[in-house]
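Chemist: A single structure is presented below for examination.
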Amino acid sequence: MENLNENLVTKKENGKAAYVVAFACMIAFMGIGLVDPILNSIAKSLQATPAQTTLLFTSYMMVTGIVMLFTGFVSSRIGTKRTLMLGLFIIILFALFAGLSNTIDALIYFRAGWGLGNALFISTALSAIVSVLIGQTEKSIMLYEAAMGLGMSIGPLVGGSLGSISWRWPFAGVSVLMLISFLSILIMFKEPKGAKEKIEFFAGVKALKNHKLRSVGLIALLYNFGFFTLLAYAPFLMPNFSEMEIGMTFFGWGILLAISSIFLATRFERKIGTFYTLMIGFIGFVICLLLMGINADQPALVAAALIVAGFFQGIINTLMTTIAMEIPGIKRNIASSTYSFVRFFGGSLAPFVAGLIGARFGGNYTFYFASAMVFIGIVLVVVHSQYFETKEDELEENA
């Protein structure tokens, strides 16, 4: 009886710890979409072009992606909790510096430093949630993806409301929220028990030898090219929208992303299988990107297509992450780091390329190109359909 009570207490504590990390994840993901409503304000205030301003995403995502390859090495040396806290501390510092920037170059560099902290935290956070919710991988990933969706929806809202005062305020807001997250993890998160196996420095790179992880990662890269083109360039197609209006638009997008991530992705998967659910998500997303390109001169229609895109993106996010985390023969923390590297690397390329295409050919071609990249991802899903098949007995069991 005493052991039963101890197990119940431990389970309850682990549940709290998982939600604390998820909350901090939500704040971390707020940092990605935070700058969306203030891109136009930053460009005007710091006399920067759209191509220069989109580098705020590129520097952030590029550093995040590359460093993620080695976060498993770091966390296996200093521990999960310390890695999470180190990442949060770096974000607090560089978000504050970003808000004090007086040139676009300085702001770009500080966003890169922010990306370093983001990599240490986000990559470790997913494996941390999985480790405390023992035997509940699907629930862990749903919690993580929900945190991402809510963070990306609330981020633009906070950015829009604080940005209406000054573009500097949203960065200060992130610092304060990250400090709260830092203290929450310090107090409520306990280092997972059990001996830690030391992970070698290039373990994340070597994991790319696995054909399934490499294939799933490449599809994620192409998908994220569309994802972050939408995030980084869509505000420039809404020049007459206020910071708050852009924030509300992305809030609607993020809410749909969170709803489909939490409630619909796995339900669809159980009904019709992984492959067909993914195809619905990818095809729907491509259509939304095409509509944004076709209606690039109609801000209201761009906003509508952007919001609807969130629904399809939530489905893709949850299923792709689940597949990557359940690849046999690869430890989850390594799979998380490697998959996140490919995922964010694709995201880092998108804003830079989007800015160049937009400056040379116009905003509509930016979204035509993004839709083409995601379409290639659809082709690869079909080519590698064996990795996205749901066993017949699983479908029958859930019918």
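Chains: A, B, ... in order of the structure tokens. Residues: from 1 per chain. Ligands: from 1, in order shown.
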For Phe263 of chain A, list every protein, DNA or RNA residue within 10 Å, evaluated using only C-alpha atoms, and leave out those in the same chain fewer than 6 positions away; present the list as a ChimeraX atom specification.
Modeler: /A:142,146,314-315
Chemist: Grab the residues selected above and save them as a PDB file, in the first residue's frame with N, CA and C atoms.
Modeler:
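Result saved to selection.pdb:
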```
ATOM      1  N   MET A 142       1.925  15.237 -27.970  1.00  0.00           N
ATOM      2  CA  MET A 142       0.756  16.116 -28.084  1.00  0.00           C
ATOM      3  C   MET A 142       0.898  17.344 -27.180  1.00  0.00           C
ATOM      4  N   ALA A 146       1.192  20.984 -28.598  1.00  0.00           N
ATOM      5  CA  ALA A 146       0.178  21.938 -28.137  1.00  0.00           C
ATOM      6  C   ALA A 146       0.843  23.193 -27.579  1.00  0.00           C
ATOM      7  N   GLY A 314      -1.139  22.005 -37.867  1.00  0.00           N
ATOM      8  CA  GLY A 314      -1.211  21.298 -36.594  1.00  0.00           C
ATOM      9  C   GLY A 314      -1.211  19.790 -36.792  1.00  0.00           C
ATOM     10  N   ILE A 315      -1.922  19.323 -37.805  1.00  0.00           N
ATOM     11  CA  ILE A 315      -1.964  17.893 -38.117  1.00  0.00           C
ATOM     12  C   ILE A 315      -0.586  17.389 -38.497  1.00  0.00           C
TER      13      ILE A 315
END
```
Chemist: What's the 9 Å shell around Trp114 of chain A, counting only C-alpha atoms, without same-chain residues fewer than 4 positions away, as a compact mmCIF listing (two decimals) with all heavy atoms, in the first residue's frame?
Modeler:
```txt
# COMPACT_ATOMS: atom_id res chain seq x y z
N TYR A 60 18.13 33.37 -36.17
CA TYR A 60 17.56 32.66 -35.01
C TYR A 60 17.41 31.17 -35.30
O TYR A 60 17.87 30.31 -34.53
CB TYR A 60 16.22 33.31 -34.70
CG TYR A 60 15.38 32.69 -33.63
CD1 TYR A 60 15.58 33.00 -32.30
CD2 TYR A 60 14.34 31.81 -33.95
CE1 TYR A 60 14.78 32.46 -31.30
CE2 TYR A 60 13.53 31.28 -32.97
CZ TYR A 60 13.75 31.60 -31.65
OH TYR A 60 12.95 31.05 -30.68
N VAL A 63 20.96 29.14 -36.13
CA VAL A 63 21.72 28.78 -34.93
C VAL A 63 20.97 27.72 -34.13
O VAL A 63 21.56 26.74 -33.65
CB VAL A 63 21.99 30.03 -34.06
CG1 VAL A 63 22.61 29.63 -32.71
CG2 VAL A 63 22.91 30.99 -34.78
N THR A 64 19.65 27.88 -34.01
CA THR A 64 18.84 26.89 -33.29
C THR A 64 19.02 25.51 -33.90
O THR A 64 19.27 24.52 -33.18
CB THR A 64 17.35 27.28 -33.32
OG1 THR A 64 17.16 28.51 -32.63
CG2 THR A 64 16.49 26.21 -32.66
N GLY A 87 19.64 27.03 -21.16
CA GLY A 87 18.97 27.53 -22.36
C GLY A 87 18.08 28.72 -22.04
O GLY A 87 18.10 29.74 -22.73
N ILE A 90 20.10 31.93 -21.27
CA ILE A 90 20.64 32.56 -22.48
C ILE A 90 19.54 33.33 -23.22
O ILE A 90 19.76 34.44 -23.71
CB ILE A 90 21.28 31.50 -23.41
CG1 ILE A 90 22.53 30.92 -22.74
CG2 ILE A 90 21.63 32.09 -24.77
CD1 ILE A 90 23.13 29.74 -23.47
N ILE A 91 18.33 32.75 -23.28
CA ILE A 91 17.22 33.43 -23.93
C ILE A 91 16.88 34.73 -23.20
O ILE A 91 16.67 35.78 -23.83
CB ILE A 91 15.97 32.52 -23.99
CG1 ILE A 91 16.23 31.30 -24.87
CG2 ILE A 91 14.77 33.29 -24.54
CD1 ILE A 91 15.13 30.25 -24.82
N ILE A 92 16.82 34.67 -21.87
CA ILE A 92 16.53 35.88 -21.07
C ILE A 92 17.51 36.99 -21.41
O ILE A 92 17.13 38.14 -21.65
CB ILE A 92 16.60 35.55 -19.56
CG1 ILE A 92 15.46 34.61 -19.15
CG2 ILE A 92 16.55 36.83 -18.72
CD1 ILE A 92 15.64 33.99 -17.77
N LEU A 93 18.79 36.62 -21.47
CA LEU A 93 19.85 37.60 -21.70
C LEU A 93 19.76 38.22 -23.10
O LEU A 93 19.74 39.45 -23.26
CB LEU A 93 21.20 36.90 -21.52
CG LEU A 93 22.42 37.76 -21.17
CD1 LEU A 93 22.20 38.47 -19.85
CD2 LEU A 93 23.67 36.90 -21.13
N PHE A 94 19.66 37.37 -24.13
CA PHE A 94 19.70 37.87 -25.50
C PHE A 94 18.39 38.52 -25.93
O PHE A 94 18.40 39.41 -26.79
CB PHE A 94 20.11 36.76 -26.47
CG PHE A 94 21.59 36.53 -26.49
CD1 PHE A 94 22.18 35.56 -25.70
CD2 PHE A 94 22.41 37.31 -27.29
CE1 PHE A 94 23.56 35.35 -25.70
CE2 PHE A 94 23.79 37.13 -27.31
CZ PHE A 94 24.36 36.14 -26.50
N ALA A 95 17.27 38.11 -25.36
CA ALA A 95 16.00 38.79 -25.65
C ALA A 95 16.07 40.22 -25.12
O ALA A 95 15.59 41.17 -25.77
CB ALA A 95 14.84 38.04 -25.02
N ALA A 98 18.30 42.19 -27.40
CA ALA A 98 17.62 42.46 -28.67
C ALA A 98 16.74 43.69 -28.55
O ALA A 98 16.69 44.53 -29.46
CB ALA A 98 16.79 41.25 -29.10
N TYR A 109 22.16 39.75 -34.81
CA TYR A 109 23.14 38.99 -34.03
C TYR A 109 22.58 38.55 -32.68
O TYR A 109 22.83 37.43 -32.22
CB TYR A 109 24.41 39.82 -33.81
CG TYR A 109 25.20 40.08 -35.07
CD1 TYR A 109 25.74 41.33 -35.34
CD2 TYR A 109 25.40 39.06 -36.00
CE1 TYR A 109 26.46 41.58 -36.50
CE2 TYR A 109 26.13 39.29 -37.17
CZ TYR A 109 26.65 40.56 -37.41
OH TYR A 109 27.36 40.79 -38.57
N PHE A 110 21.80 39.42 -32.05
CA PHE A 110 21.22 39.06 -30.76
C PHE A 110 20.15 37.98 -30.93
O PHE A 110 19.97 37.12 -30.05
CB PHE A 110 20.64 40.29 -30.06
CG PHE A 110 21.69 41.23 -29.52
CD1 PHE A 110 21.58 42.60 -29.70
CD2 PHE A 110 22.80 40.73 -28.85
CE1 PHE A 110 22.55 43.46 -29.21
CE2 PHE A 110 23.78 41.58 -28.35
CZ PHE A 110 23.65 42.95 -28.54
N ASN A 118 17.60 28.87 -27.31
CA ASN A 118 16.40 28.17 -27.77
C ASN A 118 16.70 26.72 -28.11
O ASN A 118 15.92 25.82 -27.80
CB ASN A 118 15.86 28.89 -29.01
CG ASN A 118 14.40 28.59 -29.27
OD1 ASN A 118 13.57 28.75 -28.39
ND2 ASN A 118 14.10 28.14 -30.47
N ALA A 119 17.85 26.48 -28.76
CA ALA A 119 18.24 25.12 -29.12
C ALA A 119 18.44 24.25 -27.89
O ALA A 119 17.94 23.12 -27.82
CB ALA A 119 19.52 25.16 -29.95
```
Chemist: What are the closest atom pairs, with distances in Å to one decimal, for each residue of segment 155-214 of chain A lying within 8 Å of segment 233-257 of chain A, using only C-alpha atoms, rows by chain and rising residue number, as JSON lines?
Modeler:
```
{"residue": "A:Gly155", "atom": "CA", "partner": "A:Phe251", "partner_atom": "CA", "distance": 7.8}
{"residue": "A:Pro156", "atom": "CA", "partner": "A:Gly247", "partner_atom": "CA", "distance": 4.4}
{"residue": "A:Leu157", "atom": "CA", "partner": "A:Gly247", "partner_atom": "CA", "distance": 4.4}
{"residue": "A:Val158", "atom": "CA", "partner": "A:Gly247", "partner_atom": "CA", "distance": 7.4}
{"residue": "A:Gly159", "atom": "CA", "partner": "A:Gly247", "partner_atom": "CA", "distance": 6.7}
{"residue": "A:Gly160", "atom": "CA", "partner": "A:Met244", "partner_atom": "CA", "distance": 4.3}
{"residue": "A:Ser161", "atom": "CA", "partner": "A:Met244", "partner_atom": "CA", "distance": 5.6}
{"residue": "A:Gly163", "atom": "CA", "partner": "A:Glu243", "partner_atom": "CA", "distance": 6.4}
{"residue": "A:Ser164", "atom": "CA", "partner": "A:Glu243", "partner_atom": "CA", "distance": 5.9}
```
Chemist: If we count only C-alpha atoms, what is near Phe311 of chain A at a cut-off of 12 Å, once residues fewer than 2 positions away on the same chain are taken out, given as a ChimeraX atom specification?
Modeler: /A:149,252-265,280-285,288,304-309,313-318
Chemist: Those residues with C-alpha atoms, as a JSON list (two decimals), in the first residue's frame please?
Modeler:
```
[["chain", "number", "residue", "atom", "x", "y", "z"],
["A", 149, "GLY", "CA", 0.80, 25.90, -31.13],
["A", 252, "GLY", "CA", -6.26, 32.79, -35.00],
["A", 253, "TRP", "CA", -3.71, 30.79, -36.99],
["A", 254, "GLY", "CA", -2.07, 29.47, -33.82],
["A", 255, "ILE", "CA", -5.36, 28.57, -32.16],
["A", 256, "LEU", "CA", -6.35, 26.39, -35.13],
["A", 257, "LEU", "CA", -2.85, 24.88, -35.12],
["A", 258, "ALA", "CA", -3.17, 24.02, -31.42],
["A", 259, "ILE", "CA", -6.70, 22.59, -31.78],
["A", 260, "SER", "CA", -5.77, 20.28, -34.64],
["A", 261, "SER", "CA", -2.53, 19.28, -32.87],
["A", 262, "ILE", "CA", -4.23, 18.34, -29.62],
["A", 263, "PHE", "CA", -7.67, 17.07, -30.60],
["A", 264, "LEU", "CA", -7.77, 16.11, -34.27],
["A", 265, "ALA", "CA", -4.44, 14.78, -35.56],
["A", 280, "ILE", "CA", -4.81, 15.82, -45.98],
["A", 281, "GLY", "CA", -2.51, 18.05, -43.95],
["A", 282, "PHE", "CA", 0.06, 18.57, -46.70],
["A", 283, "ILE", "CA", -2.40, 19.13, -49.55],
["A", 284, "GLY", "CA", -4.48, 21.55, -47.47],
["A", 285, "PHE", "CA", -1.35, 23.50, -46.54],
["A", 288, "CYS", "CA", -3.40, 27.76, -48.47],
["A", 304, "ALA", "CA", -7.92, 34.32, -44.12],
["A", 305, "ALA", "CA", -5.71, 31.77, -45.92],
["A", 306, "LEU", "CA", -3.04, 32.16, -43.23],
["A", 307, "ILE", "CA", -5.50, 31.39, -40.43],
["A", 308, "VAL", "CA", -6.89, 28.29, -42.20],
["A", 309, "ALA", "CA", -3.32, 27.06, -42.86],
["A", 313, "GLN", "CA", -0.10, 22.57, -40.00],
["A", 314, "GLY", "CA", -1.21, 21.30, -36.59],
["A", 315, "ILE", "CA", -1.96, 17.89, -38.12],
["A", 316, "ILE", "CA", 1.40, 17.72, -39.86],
["A", 317, "ASN", "CA", 3.39, 18.84, -36.81],
["A", 318, "THR", "CA", 1.99, 16.23, -34.44]]
```
Chemist: In Å, rounded to a single decimal, give me how far atom CA of Met85 of chain A is from atom CA of Leu183 of chain A.
Modeler: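 Atom CA of Met85 of chain A lies 8.8 Å from atom CA of Leu183 of chain A.
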Chemist: One number please: atom CA of Gly377 of chain A to atom CA of Pro37 of chain A, in Å, one decimal.
Modeler: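 According to the coordinates, atom CA of Gly377 of chain A and atom CA of Pro37 of chain A are separated by 28.7 Å.
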Chemist: Pick the closest to Ala51 of chain A from A:Leu213, A:Leu39, A:Val132, A:Leu143: which is it, counting only C-alpha atoms?
Modeler: A:Leu39
Chemist: Restricting the calculation to only C-alpha atoms: of A:Leu221, A:Val74, A:Ala112, A:Met178, which residue gets closest to Glu197 of chain A?
Modeler: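 Of the candidates, the smallest distance to Glu197 of chain A is held by A:Val74.
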Chemist: Using only C-alpha atoms, which of A:Val374, A:Val353, A:Met148, A:Leu177 sits nearest Leu126 of chain A?
Modeler: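 Ranking A:Val374, A:Val353, A:Met148, A:Leu177 by distance to Leu126 of chain A, first place goes to A:Met148.
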Chemist: Rounded to one decimal in Å, what is the spacing between atom CA of Ile141 of chain A and atom CA of Leu56 of chain A?
Modeler: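 It comes out at 27.7 Å.
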Chemist: Closest to Thr49 of chain A among A:Ala359, A:Ile323, A:Ile376, A:Ala128, using only C-alpha atoms?
Modeler: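 Smallest separation from Thr49 of chain A among the options: A:Ala359.
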Chemist: In terms of the shortest atom-to-atom distance over only C-alpha atoms, which of A:Gly33, A:Gly117, A:Gly355, A:Gly310 is closest to Gly65 of chain A?
Modeler: A:Gly117
Chemist: Contacts of Ser101 of chain A at 12 Å or less, counting only C-alpha atoms, minus same-chain residues fewer than 3 places along, as a count of residues only?
Modeler: 21
Chemist: For segment 328-341 of chain A, find every residue with an atom within 8 Å (counting only C-alpha atoms), except residues of its own chain fewer than 5 positions away, and show them as a compact mmCIF listing (two decimals) with N, CA and C atoms, in the first residue's frame.
Modeler:
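Written out: selection_15.txt:
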```txt
# COMPACT_ATOMS: atom_id res chain seq x y z
N THR A 64 19.65 27.88 -34.01
CA THR A 64 18.84 26.89 -33.29
C THR A 64 19.02 25.51 -33.90
N GLY A 65 18.91 25.41 -35.22
CA GLY A 65 19.00 24.13 -35.89
C GLY A 65 20.36 23.46 -35.73
N ILE A 66 21.42 24.21 -35.96
CA ILE A 66 22.77 23.63 -35.89
C ILE A 66 23.11 23.18 -34.48
N VAL A 67 22.84 24.03 -33.50
CA VAL A 67 23.18 23.70 -32.11
C VAL A 67 22.38 22.50 -31.62
N MET A 68 21.16 22.32 -32.14
CA MET A 68 20.32 21.21 -31.71
C MET A 68 20.97 19.84 -31.95
N LEU A 69 21.87 19.77 -32.93
CA LEU A 69 22.56 18.51 -33.19
C LEU A 69 23.40 18.05 -32.01
N PHE A 70 23.80 19.00 -31.17
CA PHE A 70 24.74 18.68 -30.10
C PHE A 70 24.16 18.84 -28.70
N THR A 71 22.85 19.10 -28.62
CA THR A 71 22.25 19.29 -27.30
C THR A 71 22.20 17.99 -26.50
N GLY A 72 22.11 16.86 -27.20
CA GLY A 72 22.14 15.57 -26.51
C GLY A 72 23.46 15.36 -25.78
N SER A 123 15.11 21.49 -27.67
CA SER A 123 15.46 20.10 -27.99
C SER A 123 15.45 19.23 -26.74
N THR A 124 15.94 19.76 -25.63
CA THR A 124 15.97 19.01 -24.37
C THR A 124 14.57 18.88 -23.78
N LEU A 126 11.60 18.42 -25.16
CA LEU A 126 10.79 17.32 -25.68
C LEU A 126 11.19 16.00 -25.03
N SER A 127 12.49 15.72 -24.98
CA SER A 127 12.93 14.47 -24.35
C SER A 127 12.67 14.48 -22.85
N ALA A 203 26.83 12.30 -32.10
CA ALA A 203 25.75 11.30 -32.14
C ALA A 203 24.58 11.78 -32.99
N GLY A 204 24.25 13.07 -32.90
CA GLY A 204 23.15 13.62 -33.70
C GLY A 204 23.43 13.56 -35.18
N VAL A 205 24.68 13.82 -35.56
CA VAL A 205 25.06 13.75 -36.98
C VAL A 205 25.00 12.31 -37.47
N ALA A 207 23.20 9.96 -36.43
CA ALA A 207 21.82 9.46 -36.50
C ALA A 207 21.22 9.66 -37.89
N LEU A 208 21.76 10.62 -38.65
CA LEU A 208 21.26 10.87 -40.00
C LEU A 208 21.56 9.72 -40.96
N LEU A 213 14.92 8.19 -40.50
CA LEU A 213 15.05 9.50 -39.87
C LEU A 213 15.47 10.54 -40.90
N GLY A 217 13.13 13.54 -41.91
CA GLY A 217 13.73 14.84 -41.70
C GLY A 217 13.71 15.71 -42.94
```
Chemist: Between A:Val174, A:Val20, A:Met26, A:Ala300, which is the closest to Glu145 of chain A once you count only C-alpha atoms?
Modeler: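 Checking each candidate against Glu145 of chain A, we get A:Met26 as the closest.
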Chemist: Write down as a ChimeraX atom specification the residues of segment 206-280 of chain A whose backbone DSSP state falls under alpha helix (DSSP H).
Modeler: /A:206,211-233,243-259,265-272,274-280
